[in-house]
Number of protein chains: 2
Amino acid sequence: MNLDHTFAALADPIRRAIVSRLAAGDATVLELAEPFDVSLPAISKHLKVLERAGLITRGKDAQRRPCSLRGESLSAVVEWAEHTQRAWEERFDRLDVHLREMQQTQAQEKKHGRKKQ
Amino acid sequence: MNLDHTFAALADPIRRAIVSRLAAGDATVLELAEPFDVSLPAISKHLKVLERAGLITRGKDAQRRPCSLRGESLSAVVEWAEHTQRAWEERFDRLDVHLREMQQTQAQEKKHGRKKQ
C-alpha cells in the first residue's frame with residue numbers, strides 16, 4: 001500500500017464517487033458507470049487507476065468482474081487524516097491551557113498588588 | 001476549497017510531512033526544510049502546491065513568511081474519508097445482521113422439524 005498512489009487516485013471527483021459507491025457494496029462496471037455522463041472506457045480507466053492504487057479489487061468472473069473496495073487502503077487515508085487533525089486540535093488545546101495559565105498568573109499578580117511594582 | 005486539489009497536494013510524502021509538521025504549529029520555510037534532504041527551492045515549490053490547494057497560508061512578514069495549516073481543508077479530507085469508511089463499516093454491520101437472521105431462521109426450522117419436509 002502506498003499513500004502517494006491512494007491520495008493521487010482520490011484526487012478526482014468520479015473516482016471518489018466510485019469509492020463511495022463501492023463502500024456501500026460491490027458493483028459491476030455497468031452499475032458504476034450508470035450515474036455518470038461518461039463513456040464506459042472512461043469508467044474502466046478510472047477503475048484501473050483505483051486498482052493500481054490498491055483501493056479496489058476486481059472479481060475474476062470474466063463477464064461481470066464485480067469491483068470491491070479494499071477497506072485497508074481507505075483506512076490508511078482515514079488514519080493519516082485523523083492523526084494529523086488530532087495534532088492540529090491538540091495544538092489549540094495546548095494554546096488554551098497556556099492562555100488560561102497566563103490569565104491566572106495575571107489575576108494573582110493583580111491580587112497581590114505586584115502590578116504596581 | 002476543492003477536494004481534487006487537496007487530495008492531489010497530499011499525494012507526496014514531503015508535502016504530507018510538511019502538513020503533519022504544521023499541524024503541530026506554524027513554521028518558517030527554513031524550519032520546514034530542516035528534516036529533509038532537499039533544496040530550499042524544492043521546499044518552496046511544495047509549499048506553493050500546498051498553498052494553491054488551500055492547505056496552508058503564508059504570513060505577510062516578508063522575511064520569515066511563517067506557514068500555517070488551514071484546518072478547514074484538512075477537515076474536508078477527514079470528513080470525506082470518515083464518511084466513506086462509515087458506509088463501508090455499516091455494510092458489514094448489515095451483513096452481520098443478515099447472517100444472524102439467517103442462522104435464527106435455520107435454527108427455528110430445525111426446532112420445528114421443517115427441515116425434513
# chains A, B, ... in the order shown; residues from 1 in each chain; ligands from 1

call {"tool": "calpha_fit_and_write", "arguments": {"fixed": "chain A", "moving": "chain B", "output": "compact mmCIF listing (two decimals) with C-alpha atoms, in the first residue's frame"}}
result
# COMPACT_ATOMS: atom_id res chain seq x y z
CA MET B 1 -0.02 -0.05 -0.01
CA ASN B 2 1.33 3.35 -1.00
CA LEU B 3 -0.30 6.51 0.35
CA ASP B 4 1.08 8.52 -2.60
CA HIS B 5 -0.91 6.40 -5.06
CA THR B 6 -3.97 6.32 -2.80
CA PHE B 7 -4.14 10.11 -2.45
CA ALA B 8 -3.42 10.61 -6.17
CA ALA B 9 -6.22 8.20 -7.11
CA LEU B 10 -8.65 10.09 -4.86
CA ALA B 11 -7.83 13.45 -6.49
CA ASP B 12 -10.69 13.02 -8.97
CA PRO B 13 -14.42 13.52 -8.30
CA ILE B 14 -15.55 10.49 -10.34
CA ARG B 15 -13.03 8.20 -8.65
CA ARG B 16 -14.11 9.46 -5.21
CA ALA B 17 -17.75 8.86 -6.16
CA ILE B 18 -16.88 5.32 -7.30
CA VAL B 19 -15.12 4.66 -3.98
CA SER B 20 -18.13 6.02 -2.06
CA ARG B 21 -20.46 3.82 -4.11
CA LEU B 22 -18.32 0.72 -3.50
CA ALA B 23 -18.22 1.48 0.24
CA ALA B 24 -21.95 0.66 0.23
CA GLY B 25 -21.46 -2.62 -1.66
CA ASP B 26 -19.78 -4.34 -4.63
CA ALA B 27 -20.83 -3.23 -8.12
CA THR B 28 -20.16 -4.01 -11.77
CA VAL B 29 -18.66 -1.53 -14.24
CA LEU B 30 -22.14 -0.97 -15.74
CA GLU B 31 -23.62 -0.21 -12.33
CA LEU B 32 -20.74 2.12 -11.49
CA ALA B 33 -21.03 3.95 -14.82
CA GLU B 34 -24.76 4.50 -14.52
CA PRO B 35 -24.85 7.80 -12.54
CA PHE B 36 -22.13 9.45 -14.65
CA ASP B 37 -22.32 11.10 -18.02
CA VAL B 38 -19.08 9.50 -19.19
CA SER B 39 -18.28 6.60 -21.52
CA LEU B 40 -17.70 3.04 -20.29
CA PRO B 41 -14.04 3.15 -21.42
CA ALA B 42 -13.57 6.29 -19.31
CA ILE B 43 -15.03 4.49 -16.27
CA SER B 44 -12.79 1.49 -16.98
CA LYS B 45 -9.79 3.79 -17.00
CA HIS B 46 -10.80 5.23 -13.61
CA LEU B 47 -11.20 1.70 -12.26
CA LYS B 48 -7.70 0.81 -13.45
CA VAL B 49 -6.28 3.81 -11.57
CA LEU B 50 -8.17 2.78 -8.42
CA GLU B 51 -7.02 -0.85 -8.81
CA ARG B 52 -3.37 0.15 -9.30
CA ALA B 53 -3.63 2.36 -6.19
CA GLY B 54 -4.86 -0.67 -4.24
CA LEU B 55 -8.21 0.97 -3.48
CA ILE B 56 -10.33 -1.64 -5.26
CA THR B 57 -10.10 -5.25 -6.40
CA ARG B 58 -11.97 -6.80 -9.31
CA GLY B 59 -13.63 -10.22 -9.35
CA LYS B 60 -12.43 -13.00 -11.63
CA ASP B 61 -15.84 -13.60 -13.23
CA ALA B 62 -14.91 -12.58 -16.82
CA GLN B 63 -18.39 -11.29 -17.67
CA ARG B 64 -19.27 -9.23 -14.63
CA ARG B 65 -15.93 -8.57 -12.93
CA PRO B 66 -17.59 -6.98 -9.90
CA CYS B 67 -15.54 -4.31 -8.13
CA SER B 68 -14.94 -4.32 -4.38
CA LEU B 69 -13.45 -1.64 -2.17
CA ARG B 70 -10.29 -2.57 -0.25
CA GLY B 71 -11.04 -1.37 3.25
CA GLU B 72 -7.39 -1.30 4.36
CA SER B 73 -6.44 1.34 1.75
CA LEU B 74 -9.28 3.57 2.85
CA SER B 75 -8.28 2.99 6.49
CA ALA B 76 -4.74 4.19 5.71
CA VAL B 77 -6.15 7.51 4.45
CA VAL B 78 -8.49 7.85 7.44
CA GLU B 79 -5.59 7.07 9.80
CA TRP B 80 -3.23 9.64 8.28
CA ALA B 81 -5.90 12.37 8.16
CA GLU B 82 -7.23 11.71 11.68
CA HIS B 83 -3.72 11.54 13.16
CA THR B 84 -2.80 14.88 11.56
CA GLN B 85 -6.06 16.48 12.67
CA ARG B 86 -5.51 15.27 16.24
CA ALA B 87 -2.07 16.95 16.27
CA TRP B 88 -3.75 20.13 14.95
CA GLU B 89 -6.42 20.05 17.68
CA GLU B 90 -3.92 19.28 20.43
CA ARG B 91 -2.01 22.34 19.37
CA PHE B 92 -5.04 24.52 20.17
CA ASP B 93 -5.65 22.63 23.41
CA ARG B 94 -2.07 23.47 24.45
CA LEU B 95 -2.62 27.10 23.43
CA ASP B 96 -5.80 27.13 25.52
CA VAL B 97 -4.01 25.78 28.59
CA HIS B 98 -1.23 28.32 28.08
CA LEU B 99 -3.69 31.24 27.82
CA ARG B 100 -5.57 30.08 30.92
CA GLU B 101 -2.31 29.84 32.89
CA MET B 102 -1.37 33.36 31.76
CA GLN B 103 -4.76 34.70 32.86
CA GLN B 104 -4.43 33.03 36.27
CA THR B 105 -0.95 34.45 36.76
CA GLN B 106 -2.20 37.94 35.84
CA ALA B 107 -5.19 37.59 38.18
CA GLN B 108 -2.91 36.53 41.06
CA GLU B 109 -0.51 39.36 40.37
CA LYS B 110 -3.43 41.80 40.46
CA LYS B 111 -4.69 40.30 43.73
CA HIS B 112 -1.31 40.63 45.39
CA GLY B 113 -0.88 44.12 43.99
CA ARG B 114 2.31 43.25 42.22
CA LYS B 115 1.16 45.16 39.19
CA LYS B 116 2.07 48.44 40.88
CA GLN B 117 5.67 47.49 41.51

call {"tool": "select_by_dssp", "arguments": {"residues": "chain B", "states": "strand (DSSP E or B)", "output": "ChimeraX atom specification"}}
result
/B:27,56-58,67-69

call {"tool": "select_by_dssp", "arguments": {"residues": "stretch 4-115 of chain B", "states": "helix (DSSP H, G or I)", "output": "VMD selection string"}}
result
chain B and resid 4 to 9 13 to 23 29 to 33 40 to 52 71 to 111 114 to 115
